[in-house]
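Here is the structure we will look at, set down as structure tokens.
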Amino acid sequence: MTMHLLSGDRPRSVVLTVLLLAILAALALAPFLFPGVRSLETAARICIFIVLVASYDLLLGYTGIVSFAHTMFFGIGAYGVALGLTHMGSTPGAMLAGTLLGALAAAVLALAIGLFSLRVRAIFFAMITLAVASAVAVLVSQFSALTGGEDGLNYKIPRALTPAFRLGEVAGLKITGKVLNYYLVFFVSLALFLLLLRVVNSPFGRVLEAIRENEFRAEAIGYKVVWYRTIATCLSAAVAALAGSLFAIWLRYVGPDTTLSFEIMLDILLMVVIGGMGTMYGAVIGATIFVLAQNYLQALMGVAADATASLPLLPQLFDPDRWLLWLGLLFVLSVYFFPTGIVGRLRAGR
Amino acid sequence: MAAAPEHRPTFAALSLGDRLARAAPFVLIPALVVLGYATIGSTSSWLTLTVSGLAMGMMIFIMASGLTLVFGLMDVINFGHGAFISVGAFVGVSVLIALGGWTGTPSLMLNIAAVLLAALAATTVTGALGWGFERVIVRPVYGAHLKQILVTVGGLIVIEQLIHVIWGPDEIFLTRPETLKGAITFAGAAMEKYRLLAVAVGLVLFVAMRLILTRTKIGLIVRAGVQNGEMVEALGYRLRLVFIGVFVAGSALAGLGGVMWGLYQEVITAGMGEEMMILVFIVVIIGGLGSVEGAFIGALLVGLLQNYVAFLEPKLALVSNIGLMTAILMWRPQGMLPVVKAK
């Protein structure tokens, strides 16, 4: 049964299995284990980023395509829900419609970009996605009548998902709409992750890996490389949009900074690389470690900046605003020295 | 022994259609300028817009030329190129601010000297930075596009953040030197002096680059290397050294472009390189990766179109570049002047 759910793709390392089970258990029981608004916020963020990073891994790790438009698709999903809930009233139907339309829009846009750029050279894709994503980000902040511009949109979600909605108590925890909302996020994320696992372990996924390893040979065997790449792009865009929808439902707010910024793109890249490209489980490990570090490491940097305040240059280097500097360094170093990421290391050291 | 197969080579002149197809990209710029005149109507605004479009295009070309050559020569795609633009702008502007006494007086000689010194400082620093970047960031990942993209993006972020550390997190405003302020009126059209200067510098650089590439031995090696690197190496040239030279020169040009862009906008931010990179990529793609002439035409097209569209329909200007790229790629999927690889 378990093997079936995992599509026959075992973690293949004892340590990794333990880690994954621990993360699964912690996330599944998060409202009970870690009461408090901030920790629940962190747990939901981890769930959503696991899906987002896993969908990016389908592109980067399995197909060998670099895209810089993944946050754009994430944002399209988020804005889909936001616009649906703003204009159609805060009903579950509007939420669902926004979600589906967002995913569809993301897939269609991915198809268009893919047909344009993947046809010629995969390397075009990286540049074109960067250009398109920045154009979309500018458009979103310019057309403020529709998107709320830089301020973003606040909206109401169905009442059953808000803290005001009370259901009773289980094991000493008040079950509010917030908890229901968390479980919505958790189970949809779990389902999407398992779906992606299914995709990469299907014959389709094998073809993607073949293309990554040797495009020419894959084409020679008779697979239409362009189509496989384009379909992978669309699929990954749609899943990213669904993750974006979850994020929008959870946060009850969308804005360019939280969904479209290049910084998030960088975060995703880092999570994939740290976790391990082309492993799917890497997404789980990478996202968990990264989100935890993001929440607690910036505070640590503030402490370091204060401690070194009397020295020259160091306080500026440790300024919490310079968080990206250290991320960038970490990123370069991990691409050089840990190209297979944590999961690759764990599997090799078995 | 079998007889050699029948073989009668014939020499035929290119048909008119083939010649037109070859010349088509070169005709695009005059065509766009004429089209702009037809839609704008007023001669004076058209002239102003054309000059600023050309100025913008020239500056983008200066930034893009290094990137396209680096790709053509070594198949290296450098996403960190934008960092050189930012660093060049910050170094150059720091020099200009330090020479405030020279730029503040309306003396042409002192102003030009200050700008030249700023440009020299910027190109020296970015050239050196490019050399380091090549050694530390790019060299370990030759031949692996995926890693190249990832690592150079990482390098871009690190350099951008270091700018924040050194120059502080805020943007820096500056004013142009006295003699470069203001505009010249010609045929009723106001043309900013600085833009005319930018056009002149861009043209000179383009012509110089063409001359170096087509008339000198090193240019010959570079062009041959773009077409077939293995063959050039087999003939005994150390293409690696040539490549480092091109990388450094390209980085220095990006730094120069950064100073010029900073003087054009009169404000610089650490993120400006990243923003410019998007235009640079569009230019390099529509020109054909590896082609200097293509990048030149592409840059001018982007500059002109953006200025015309911003005048006619301001909201559309944001997407005009993407539209241009889409149209050109539909017409020629490899870019306007694709580099013919002999591999």
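Numbering starts fresh at 1 for the residues of each chain in the structure tokens, the chains themselves are lettered A, B, ... in the order given, and ligands are numbered from 1 as they appear.
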Contact set, chain A to chain B: 6 Å, only C-alpha atoms, as a VMD selection string: chain A and resid 131 316 325 328 332
Atom CA of B:Leu256 to atom CA of B:Val201, straight-line distance in Å: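 Computing the Euclidean distance for atom CA of B:Val201 and atom CA of B:Leu256 yields 10.5 Å.
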Point-to-point distance from atom CA of A:Ala305 to atom CA of B:Val87, Å rounded to tenths: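 Between these atoms lies a distance of 25.0 Å.
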Near stretch 247-253 of chain B, within 7 Å and counting only C-alpha atoms, which residues show up once chain neighbours fewer than 4 positions away are dropped, as a PDB file with N, CA and C atoms, in the first residue's frame?
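The result, written out as part21.pdb:
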```
ATOM      1  N   ILE B  62      26.175  48.304 -25.818  1.00  0.00           N
ATOM      2  CA  ILE B  62      27.470  48.251 -25.124  1.00  0.00           C
ATOM      3  C   ILE B  62      27.439  47.178 -24.042  1.00  0.00           C
ATOM      4  N   MET B  63      26.309  47.089 -23.350  1.00  0.00           N
ATOM      5  CA  MET B  63      26.224  46.080 -22.298  1.00  0.00           C
ATOM      6  C   MET B  63      26.106  44.675 -22.870  1.00  0.00           C
ATOM      7  N   SER B  65      27.119  43.427 -25.909  1.00  0.00           N
ATOM      8  CA  SER B  65      28.097  42.879 -26.848  1.00  0.00           C
ATOM      9  C   SER B  65      28.994  41.833 -26.192  1.00  0.00           C
ATOM     10  N   GLY B  66      29.437  42.109 -24.970  1.00  0.00           N
ATOM     11  CA  GLY B  66      30.324  41.166 -24.303  1.00  0.00           C
ATOM     12  C   GLY B  66      29.639  39.837 -24.058  1.00  0.00           C
ATOM     13  N   LEU B  67      28.385  39.919 -23.634  1.00  0.00           N
ATOM     14  CA  LEU B  67      27.651  38.700 -23.302  1.00  0.00           C
ATOM     15  C   LEU B  67      27.516  37.791 -24.521  1.00  0.00           C
ATOM     16  N   VAL B  70      30.873  36.187 -25.501  1.00  0.00           N
ATOM     17  CA  VAL B  70      31.261  35.147 -24.550  1.00  0.00           C
ATOM     18  C   VAL B  70      30.480  33.875 -24.827  1.00  0.00           C
ATOM     19  N   PHE B  84      28.142  43.275 -13.406  1.00  0.00           N
ATOM     20  CA  PHE B  84      29.177  44.194 -13.878  1.00  0.00           C
ATOM     21  C   PHE B  84      28.582  45.559 -14.204  1.00  0.00           C
ATOM     22  N   THR B 123      35.620  50.779 -15.997  1.00  0.00           N
ATOM     23  CA  THR B 123      36.014  49.658 -16.843  1.00  0.00           C
ATOM     24  C   THR B 123      37.159  48.873 -16.209  1.00  0.00           C
ATOM     25  N   THR B 124      38.076  49.577 -15.533  1.00  0.00           N
ATOM     26  CA  THR B 124      39.174  48.856 -14.895  1.00  0.00           C
ATOM     27  C   THR B 124      38.636  47.922 -13.823  1.00  0.00           C
ATOM     28  N   THR B 126      35.536  46.756 -13.345  1.00  0.00           N
ATOM     29  CA  THR B 126      34.697  45.652 -13.821  1.00  0.00           C
ATOM     30  C   THR B 126      35.506  44.661 -14.640  1.00  0.00           C
ATOM     31  N   GLY B 127      36.539  45.156 -15.349  1.00  0.00           N
ATOM     32  CA  GLY B 127      37.385  44.220 -16.065  1.00  0.00           C
ATOM     33  C   GLY B 127      38.090  43.269 -15.105  1.00  0.00           C
ATOM     34  N   GLY B 130      35.627  40.941 -13.722  1.00  0.00           N
ATOM     35  CA  GLY B 130      35.302  39.917 -14.715  1.00  0.00           C
ATOM     36  C   GLY B 130      36.347  38.818 -14.737  1.00  0.00           C
ATOM     37  N   TRP B 131      37.600  39.226 -14.624  1.00  0.00           N
ATOM     38  CA  TRP B 131      38.680  38.237 -14.612  1.00  0.00           C
ATOM     39  C   TRP B 131      38.508  37.302 -13.424  1.00  0.00           C
ATOM     40  N   PHE B 243      39.597  33.554 -24.837  1.00  0.00           N
ATOM     41  CA  PHE B 243      38.301  33.627 -24.177  1.00  0.00           C
ATOM     42  C   PHE B 243      38.361  34.504 -22.933  1.00  0.00           C
ATOM     43  N   GLY B 257      28.894  50.542 -19.912  1.00  0.00           N
ATOM     44  CA  GLY B 257      27.460  50.705 -20.142  1.00  0.00           C
ATOM     45  C   GLY B 257      26.748  51.110 -18.866  1.00  0.00           C
TER      46      GLY B 257
END
```
Spatial neighbours of B:Met209, 9 Å, only C-alpha atoms, chain gap at least 4 places, as a list of chain:residue names: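 Answer for this query is B:Val204, B:Leu205, B:Leu213, B:Thr214, B:Gly219, B:Val292.
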Could those residues be written to a file, using C-alpha atoms, as an mmCIF file, in the first residue's frame?
```cif
data_model
loop_
_atom_site.group_PDB
_atom_site.id
_atom_site.type_symbol
_atom_site.label_atom_id
_atom_site.label_comp_id
_atom_site.auth_asym_id
_atom_site.auth_seq_id
_atom_site.Cartn_x
_atom_site.Cartn_y
_atom_site.Cartn_z
ATOM 1 C CA VAL B 204 32.401 54.628 -32.176
ATOM 2 C CA LEU B 205 32.507 51.498 -30.042
ATOM 3 C CA LEU B 213 36.855 41.685 -35.301
ATOM 4 C CA THR B 214 37.296 41.908 -39.057
ATOM 5 C CA GLY B 219 39.573 39.362 -34.278
ATOM 6 C CA VAL B 292 27.705 41.151 -32.495
#
```
Residues within 9 Å of A:Glu150, only C-alpha atoms, excluding chain neighbours under 3 positions, as a count of residues only: 8
Separation of atom CA of B:Gly287 from atom CA of B:Leu337, in Å and rounded to one decimal: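 Going from atom CA of B:Gly287 over to atom CA of B:Leu337 covers 5.8 Å.
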Excluding A:Thr86 and its own-chain neighbours fewer than 5 positions away, which residues fall within 9 Å of it when counting only C-alpha atoms? Please give them as a PDB file with C-alpha atoms, in the first residue's frame.
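Written output follows (part_3.pdb):
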```pdb
ATOM      1  CA  VAL A  81      -7.935  32.650  -6.074  1.00  0.00           C
ATOM      2  CA  ALA A  94     -15.472  30.915  -6.113  1.00  0.00           C
ATOM      3  CA  LEU A 153      -5.270  42.310  -2.492  1.00  0.00           C
ATOM      4  CA  ASN A 154      -6.980  41.460   0.787  1.00  0.00           C
ATOM      5  CA  TYR A 155     -10.100  39.352   0.585  1.00  0.00           C
ATOM      6  CA  LYS A 156     -12.406  37.162   2.629  1.00  0.00           C
TER       7      LYS A 156
END
```
Counting only C-alpha atoms, the residue of A:His70, A:Lys178, A:Arg212, A:Lys224 that sits nearest A:Ala240: A:His70
Polymer residues at most 12 Å from B:Leu312, only C-alpha atoms, same-chain spacing of 6 or more positions, as a ChimeraX atom specification: /B:36-42,45-46,49,305-306,320
Which of stretch 15-196 of chain B DSSP labels strand (DSSP E), written as a list in words: Ile172, Phe173, Ala183, Ile184, Thr185, Phe186, Ala189, Ala190, Met191 and Glu192 of chain B
Could you save the residues just selected, with N, CA and C atoms, as a compact mmCIF listing (two decimals), in the first residue's frame?
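Saved file again.txt follows:
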```
# COMPACT_ATOMS: atom_id res chain seq x y z
N ILE B 172 21.46 56.02 -5.25
CA ILE B 172 22.28 57.24 -5.25
C ILE B 172 21.82 58.12 -6.41
N PHE B 173 21.49 59.36 -6.08
CA PHE B 173 21.11 60.30 -7.14
C PHE B 173 22.34 61.09 -7.55
N ALA B 183 19.69 70.73 -23.53
CA ALA B 183 19.42 70.12 -24.82
C ALA B 183 19.78 71.08 -25.94
N ILE B 184 19.97 70.50 -27.11
CA ILE B 184 20.20 71.30 -28.31
C ILE B 184 18.89 71.30 -29.09
N THR B 185 18.50 72.45 -29.62
CA THR B 185 17.28 72.47 -30.43
C THR B 185 17.68 72.43 -31.89
N PHE B 186 17.09 71.48 -32.59
CA PHE B 186 17.41 71.32 -34.00
C PHE B 186 16.10 71.02 -34.72
N ALA B 189 13.15 70.39 -32.65
CA ALA B 189 13.14 69.24 -31.75
C ALA B 189 14.24 69.41 -30.70
N ALA B 190 13.88 69.18 -29.45
CA ALA B 190 14.87 69.27 -28.39
C ALA B 190 15.57 67.93 -28.24
N MET B 191 16.90 67.94 -28.37
CA MET B 191 17.64 66.70 -28.20
C MET B 191 18.65 66.89 -27.08
N GLU B 192 18.53 66.05 -26.08
CA GLU B 192 19.44 66.21 -24.95
C GLU B 192 20.88 65.96 -25.39
```
How close does each residue of stretch 240-339 of chain B get to stretch 93-106 of chain B, giving the shortest atom pair and distance in Å to one decimal for every residue with an atom at most 12 Å away, counting only C-alpha atoms, sorted by chain and residue number, as a tab-separated table?
```
residue	atom	partner	partner_atom	distance
B:Gly255	CA	B:Val93	CA	11.3
B:Leu256	CA	B:Val93	CA	11.1
B:Gly258	CA	B:Val93	CA	9.6
B:Val259	CA	B:Val93	CA	6.8
B:Met260	CA	B:Val93	CA	9.7
B:Trp261	CA	B:Val93	CA	10.6
B:Gly262	CA	B:Val93	CA	7.6
B:Leu263	CA	B:Val93	CA	8.1
B:Tyr264	CA	B:Val93	CA	11.7
B:Gln265	CA	B:Val93	CA	11.9
B:Glu266	CA	B:Val93	CA	9.7
B:Val267	CA	B:Val93	CA	9.5
B:Ile268	CA	B:Val93	CA	8.4
B:Thr269	CA	B:Val93	CA	11.1
```
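Nearest to B:Phe61 of all the residues B:Ala208, B:Val339, B:Ile221, B:Leu203 is B:Leu203, counting only C-alpha atoms.
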Please, which residues of stretch 59-206 of chain A, numbered as in this document, come out alpha helix (DSSP H) from DSSP, as a compact mmCIF listing (two decimals) with N, CA and C atoms, in the first residue's frame?
```txt
# COMPACT_ATOMS: atom_id res chain seq x y z
N HIS A 70 9.02 30.41 -12.45
CA HIS A 70 8.20 29.56 -11.58
C HIS A 70 7.39 30.38 -10.59
N THR A 71 7.97 31.47 -10.10
CA THR A 71 7.18 32.31 -9.20
C THR A 71 6.03 32.96 -9.96
N MET A 72 6.22 33.18 -11.25
CA MET A 72 5.12 33.76 -12.03
C MET A 72 3.92 32.82 -12.00
N PHE A 73 4.16 31.53 -12.21
CA PHE A 73 3.05 30.58 -12.20
C PHE A 73 2.45 30.48 -10.80
N PHE A 74 3.33 30.48 -9.81
CA PHE A 74 2.89 30.50 -8.42
C PHE A 74 1.96 31.70 -8.20
N GLY A 75 2.40 32.85 -8.69
CA GLY A 75 1.62 34.08 -8.53
C GLY A 75 0.30 34.02 -9.29
N ILE A 76 0.31 33.42 -10.47
CA ILE A 76 -0.93 33.33 -11.24
C ILE A 76 -1.97 32.55 -10.45
N GLY A 77 -1.54 31.43 -9.85
CA GLY A 77 -2.47 30.65 -9.04
C GLY A 77 -3.00 31.47 -7.88
N ALA A 78 -2.09 32.19 -7.21
CA ALA A 78 -2.50 32.97 -6.05
C ALA A 78 -3.47 34.08 -6.45
N TYR A 79 -3.13 34.79 -7.52
CA TYR A 79 -4.02 35.87 -7.96
C TYR A 79 -5.34 35.32 -8.48
N GLY A 80 -5.31 34.10 -9.05
CA GLY A 80 -6.56 33.48 -9.50
C GLY A 80 -7.54 33.37 -8.36
N VAL A 81 -7.07 32.79 -7.24
CA VAL A 81 -7.94 32.65 -6.07
C VAL A 81 -8.36 34.02 -5.55
N ALA A 82 -7.41 34.93 -5.48
CA ALA A 82 -7.71 36.25 -4.92
C ALA A 82 -8.78 36.94 -5.75
N LEU A 83 -8.64 36.89 -7.07
CA LEU A 83 -9.62 37.56 -7.93
C LEU A 83 -10.97 36.86 -7.84
N GLY A 84 -10.94 35.51 -7.81
CA GLY A 84 -12.20 34.76 -7.68
C GLY A 84 -12.94 35.16 -6.42
N LEU A 85 -12.21 35.18 -5.29
CA LEU A 85 -12.87 35.48 -4.02
C LEU A 85 -13.29 36.95 -3.95
N THR A 86 -12.56 37.83 -4.62
CA THR A 86 -12.93 39.24 -4.57
C THR A 86 -14.19 39.51 -5.38
N HIS A 87 -14.26 38.88 -6.56
CA HIS A 87 -15.32 39.27 -7.47
C HIS A 87 -16.53 38.35 -7.43
N PRO A 92 -16.97 28.67 -1.33
CA PRO A 92 -16.04 27.64 -1.78
C PRO A 92 -16.03 27.50 -3.30
N GLY A 93 -17.19 27.74 -3.92
CA GLY A 93 -17.25 27.65 -5.39
C GLY A 93 -16.31 28.64 -6.05
N ALA A 94 -16.33 29.88 -5.54
CA ALA A 94 -15.47 30.91 -6.11
C ALA A 94 -14.01 30.54 -5.93
N MET A 95 -13.72 29.97 -4.74
CA MET A 95 -12.35 29.57 -4.44
C MET A 95 -11.87 28.51 -5.44
N LEU A 96 -12.76 27.53 -5.66
CA LEU A 96 -12.42 26.43 -6.56
C LEU A 96 -12.27 26.94 -7.99
N ALA A 97 -13.21 27.81 -8.38
CA ALA A 97 -13.16 28.34 -9.75
C ALA A 97 -11.86 29.12 -9.96
N GLY A 98 -11.51 29.97 -8.98
CA GLY A 98 -10.28 30.74 -9.10
C GLY A 98 -9.08 29.83 -9.19
N THR A 99 -9.08 28.77 -8.37
CA THR A 99 -7.96 27.83 -8.37
C THR A 99 -7.79 27.18 -9.74
N LEU A 100 -8.92 26.67 -10.24
CA LEU A 100 -8.83 25.94 -11.51
C LEU A 100 -8.46 26.87 -12.66
N LEU A 101 -9.09 28.05 -12.67
CA LEU A 101 -8.76 28.99 -13.75
C LEU A 101 -7.29 29.42 -13.68
N GLY A 102 -6.81 29.62 -12.45
CA GLY A 102 -5.41 30.01 -12.30
C GLY A 102 -4.49 28.92 -12.84
N ALA A 103 -4.79 27.66 -12.48
CA ALA A 103 -3.93 26.56 -12.94
C ALA A 103 -3.99 26.46 -14.46
N LEU A 104 -5.19 26.64 -15.00
CA LEU A 104 -5.35 26.56 -16.45
C LEU A 104 -4.56 27.67 -17.14
N ALA A 105 -4.71 28.89 -16.61
CA ALA A 105 -3.99 30.03 -17.21
C ALA A 105 -2.49 29.78 -17.17
N ALA A 106 -2.00 29.27 -16.03
CA ALA A 106 -0.57 29.01 -15.91
C ALA A 106 -0.13 27.98 -16.96
N ALA A 107 -0.93 26.92 -17.12
CA ALA A 107 -0.54 25.88 -18.07
C ALA A 107 -0.53 26.42 -19.50
N VAL A 108 -1.52 27.26 -19.83
CA VAL A 108 -1.58 27.80 -21.19
C VAL A 108 -0.39 28.72 -21.45
N LEU A 109 -0.10 29.55 -20.48
CA LEU A 109 1.05 30.45 -20.63
C LEU A 109 2.35 29.65 -20.77
N ALA A 110 2.46 28.60 -19.97
CA ALA A 110 3.66 27.75 -20.05
C ALA A 110 3.76 27.11 -21.42
N LEU A 111 2.62 26.71 -21.95
CA LEU A 111 2.61 26.09 -23.29
C LEU A 111 3.13 27.08 -24.32
N ALA A 112 2.63 28.33 -24.22
CA ALA A 112 3.05 29.35 -25.19
C ALA A 112 4.55 29.59 -25.09
N ILE A 113 5.03 29.80 -23.86
CA ILE A 113 6.47 30.06 -23.68
C ILE A 113 7.28 28.87 -24.17
N GLY A 114 6.81 27.67 -23.82
CA GLY A 114 7.55 26.47 -24.17
C GLY A 114 7.65 26.29 -25.67
N LEU A 115 6.52 26.51 -26.36
CA LEU A 115 6.54 26.31 -27.81
C LEU A 115 7.49 27.29 -28.47
N PHE A 116 7.60 28.49 -27.88
CA PHE A 116 8.47 29.49 -28.47
C PHE A 116 9.93 29.19 -28.27
N SER A 117 10.25 28.85 -27.03
CA SER A 117 11.67 28.86 -26.70
C SER A 117 12.26 27.46 -26.69
N ALA A 122 17.26 24.80 -25.46
CA ALA A 122 16.76 24.81 -24.09
C ALA A 122 17.29 26.04 -23.35
N ILE A 123 18.45 26.54 -23.78
CA ILE A 123 19.05 27.65 -23.06
C ILE A 123 18.26 28.94 -23.26
N PHE A 124 17.56 29.05 -24.40
CA PHE A 124 16.69 30.21 -24.60
C PHE A 124 15.66 30.29 -23.49
N PHE A 125 15.22 29.11 -23.07
CA PHE A 125 14.12 29.06 -22.12
C PHE A 125 14.44 29.84 -20.86
N ALA A 126 15.67 29.68 -20.36
CA ALA A 126 16.04 30.38 -19.13
C ALA A 126 15.92 31.88 -19.31
N MET A 127 16.42 32.38 -20.45
CA MET A 127 16.41 33.83 -20.65
C MET A 127 15.00 34.34 -20.90
N ILE A 128 14.25 33.59 -21.70
CA ILE A 128 12.91 34.08 -22.04
C ILE A 128 12.00 34.05 -20.82
N THR A 129 12.12 32.98 -20.00
CA THR A 129 11.28 32.97 -18.81
C THR A 129 11.63 34.13 -17.89
N LEU A 130 12.91 34.47 -17.82
CA LEU A 130 13.30 35.61 -16.99
C LEU A 130 12.64 36.89 -17.50
N ALA A 131 12.68 37.08 -18.82
CA ALA A 131 12.09 38.29 -19.40
C ALA A 131 10.58 38.33 -19.18
N VAL A 132 9.92 37.20 -19.47
CA VAL A 132 8.47 37.18 -19.34
C VAL A 132 8.05 37.37 -17.89
N ALA A 133 8.77 36.70 -16.98
CA ALA A 133 8.39 36.80 -15.57
C ALA A 133 8.53 38.24 -15.08
N SER A 134 9.59 38.93 -15.52
CA SER A 134 9.74 40.31 -15.05
C SER A 134 8.67 41.20 -15.67
N ALA A 135 8.31 40.92 -16.93
CA ALA A 135 7.25 41.71 -17.56
C ALA A 135 5.93 41.52 -16.80
N VAL A 136 5.64 40.27 -16.44
CA VAL A 136 4.39 40.01 -15.71
C VAL A 136 4.41 40.71 -14.36
N ALA A 137 5.57 40.65 -13.68
CA ALA A 137 5.65 41.31 -12.37
C ALA A 137 5.39 42.81 -12.51
N VAL A 138 5.94 43.42 -13.56
CA VAL A 138 5.71 44.85 -13.78
C VAL A 138 4.24 45.11 -14.09
N LEU A 139 3.67 44.27 -14.95
CA LEU A 139 2.26 44.44 -15.31
C LEU A 139 1.37 44.37 -14.08
N VAL A 140 1.65 43.39 -13.21
CA VAL A 140 0.81 43.22 -12.03
C VAL A 140 0.89 44.46 -11.14
N SER A 141 2.10 45.04 -11.01
CA SER A 141 2.17 46.21 -10.14
C SER A 141 1.63 47.47 -10.84
N GLN A 142 1.53 47.44 -12.17
CA GLN A 142 1.01 48.63 -12.87
C GLN A 142 -0.52 48.65 -12.95
N SER A 144 -3.13 48.42 -11.27
CA SER A 144 -3.56 48.31 -9.87
C SER A 144 -5.08 48.21 -9.76
N ALA A 145 -5.82 48.64 -10.79
CA ALA A 145 -7.28 48.54 -10.69
C ALA A 145 -7.70 47.08 -10.52
N LEU A 146 -7.00 46.19 -11.20
CA LEU A 146 -7.37 44.78 -11.15
C LEU A 146 -6.63 44.05 -10.03
N THR A 147 -5.35 44.34 -9.89
CA THR A 147 -4.52 43.51 -9.03
C THR A 147 -4.17 44.17 -7.70
N GLY A 177 -11.56 27.25 12.40
CA GLY A 177 -11.44 27.22 10.95
C GLY A 177 -10.00 27.27 10.49
N LYS A 178 -9.15 27.90 11.31
CA LYS A 178 -7.74 28.00 10.96
C LYS A 178 -7.12 26.60 10.87
N VAL A 179 -7.49 25.76 11.83
CA VAL A 179 -6.97 24.39 11.82
C VAL A 179 -7.49 23.65 10.59
N LEU A 180 -8.79 23.84 10.30
CA LEU A 180 -9.33 23.22 9.09
C LEU A 180 -8.56 23.69 7.86
N ASN A 181 -8.32 24.99 7.83
CA ASN A 181 -7.58 25.57 6.71
C ASN A 181 -6.20 24.92 6.60
N TYR A 182 -5.56 24.72 7.76
CA TYR A 182 -4.24 24.08 7.74
C TYR A 182 -4.35 22.68 7.15
N TYR A 183 -5.37 21.94 7.57
CA TYR A 183 -5.47 20.58 7.06
C TYR A 183 -5.83 20.56 5.58
N LEU A 184 -6.57 21.56 5.14
CA LEU A 184 -6.80 21.67 3.69
C LEU A 184 -5.45 21.80 2.98
N VAL A 185 -4.63 22.73 3.47
CA VAL A 185 -3.31 22.94 2.88
C VAL A 185 -2.50 21.66 2.93
N PHE A 186 -2.50 21.02 4.10
CA PHE A 186 -1.67 19.84 4.30
C PHE A 186 -2.07 18.71 3.34
N PHE A 187 -3.37 18.41 3.30
CA PHE A 187 -3.77 17.24 2.50
C PHE A 187 -3.65 17.51 1.00
N VAL A 188 -3.99 18.72 0.58
CA VAL A 188 -3.83 19.02 -0.85
C VAL A 188 -2.35 18.96 -1.22
N SER A 189 -1.49 19.49 -0.34
CA SER A 189 -0.05 19.44 -0.62
C SER A 189 0.43 18.00 -0.72
N LEU A 190 -0.03 17.18 0.24
CA LEU A 190 0.38 15.77 0.24
C LEU A 190 -0.05 15.10 -1.06
N ALA A 191 -1.32 15.36 -1.45
CA ALA A 191 -1.82 14.74 -2.67
C ALA A 191 -1.02 15.19 -3.88
N LEU A 192 -0.73 16.49 -3.94
CA LEU A 192 0.02 17.00 -5.10
C LEU A 192 1.42 16.41 -5.13
N PHE A 193 2.03 16.28 -3.94
CA PHE A 193 3.37 15.72 -3.90
C PHE A 193 3.35 14.27 -4.39
N LEU A 194 2.37 13.50 -3.93
CA LEU A 194 2.30 12.11 -4.36
C LEU A 194 2.02 12.03 -5.86
N LEU A 195 1.22 12.98 -6.35
CA LEU A 195 0.95 13.02 -7.78
C LEU A 195 2.25 13.24 -8.57
N LEU A 196 3.05 14.19 -8.08
CA LEU A 196 4.32 14.46 -8.77
C LEU A 196 5.23 13.25 -8.72
N LEU A 197 5.21 12.57 -7.57
CA LEU A 197 6.03 11.37 -7.43
C LEU A 197 5.59 10.32 -8.45
N ARG A 198 4.26 10.26 -8.64
CA ARG A 198 3.71 9.32 -9.62
C ARG A 198 4.20 9.70 -11.03
N VAL A 199 4.17 11.00 -11.30
CA VAL A 199 4.55 11.46 -12.65
C VAL A 199 6.00 11.10 -12.95
N VAL A 200 6.91 11.39 -12.00
CA VAL A 200 8.31 11.17 -12.33
C VAL A 200 8.67 9.69 -12.37
N PRO A 203 6.38 6.03 -17.03
CA PRO A 203 7.20 6.02 -18.26
C PRO A 203 7.48 7.43 -18.76
N PHE A 204 6.53 8.32 -18.61
CA PHE A 204 6.74 9.72 -19.02
C PHE A 204 7.94 10.33 -18.29
N GLY A 205 7.98 10.07 -16.97
CA GLY A 205 9.10 10.60 -16.19
C GLY A 205 10.44 10.02 -16.63
N ARG A 206 10.42 8.73 -17.00
CA ARG A 206 11.66 8.11 -17.47
C ARG A 206 12.15 8.79 -18.75
```
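Of the residues under consideration (A:Gly276, A:Met301, A:Arg119, A:Asp151), A:Met301 shows the shortest atom-to-atom contact distance to A:Leu317 when counting only C-alpha atoms.
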How close does each residue of stretch 200-248 of chain A get to stretch 37-45 of chain A, giving the shortest atom pair and distance in Å to one decimal for every residue with an atom at most 12 Å away, counting only C-alpha atoms, sorted by chain and residue number, as JSON lines?
```
{"residue": "A:Ala243", "atom": "CA", "partner": "A:Arg45", "partner_atom": "CA", "distance": 10.3}
{"residue": "A:Gly244", "atom": "CA", "partner": "A:Arg45", "partner_atom": "CA", "distance": 11.0}
{"residue": "A:Leu246", "atom": "CA", "partner": "A:Ala44", "partner_atom": "CA", "distance": 9.3}
{"residue": "A:Phe247", "atom": "CA", "partner": "A:Arg45", "partner_atom": "CA", "distance": 7.7}
{"residue": "A:Ala248", "atom": "CA", "partner": "A:Arg45", "partner_atom": "CA", "distance": 11.1}
```
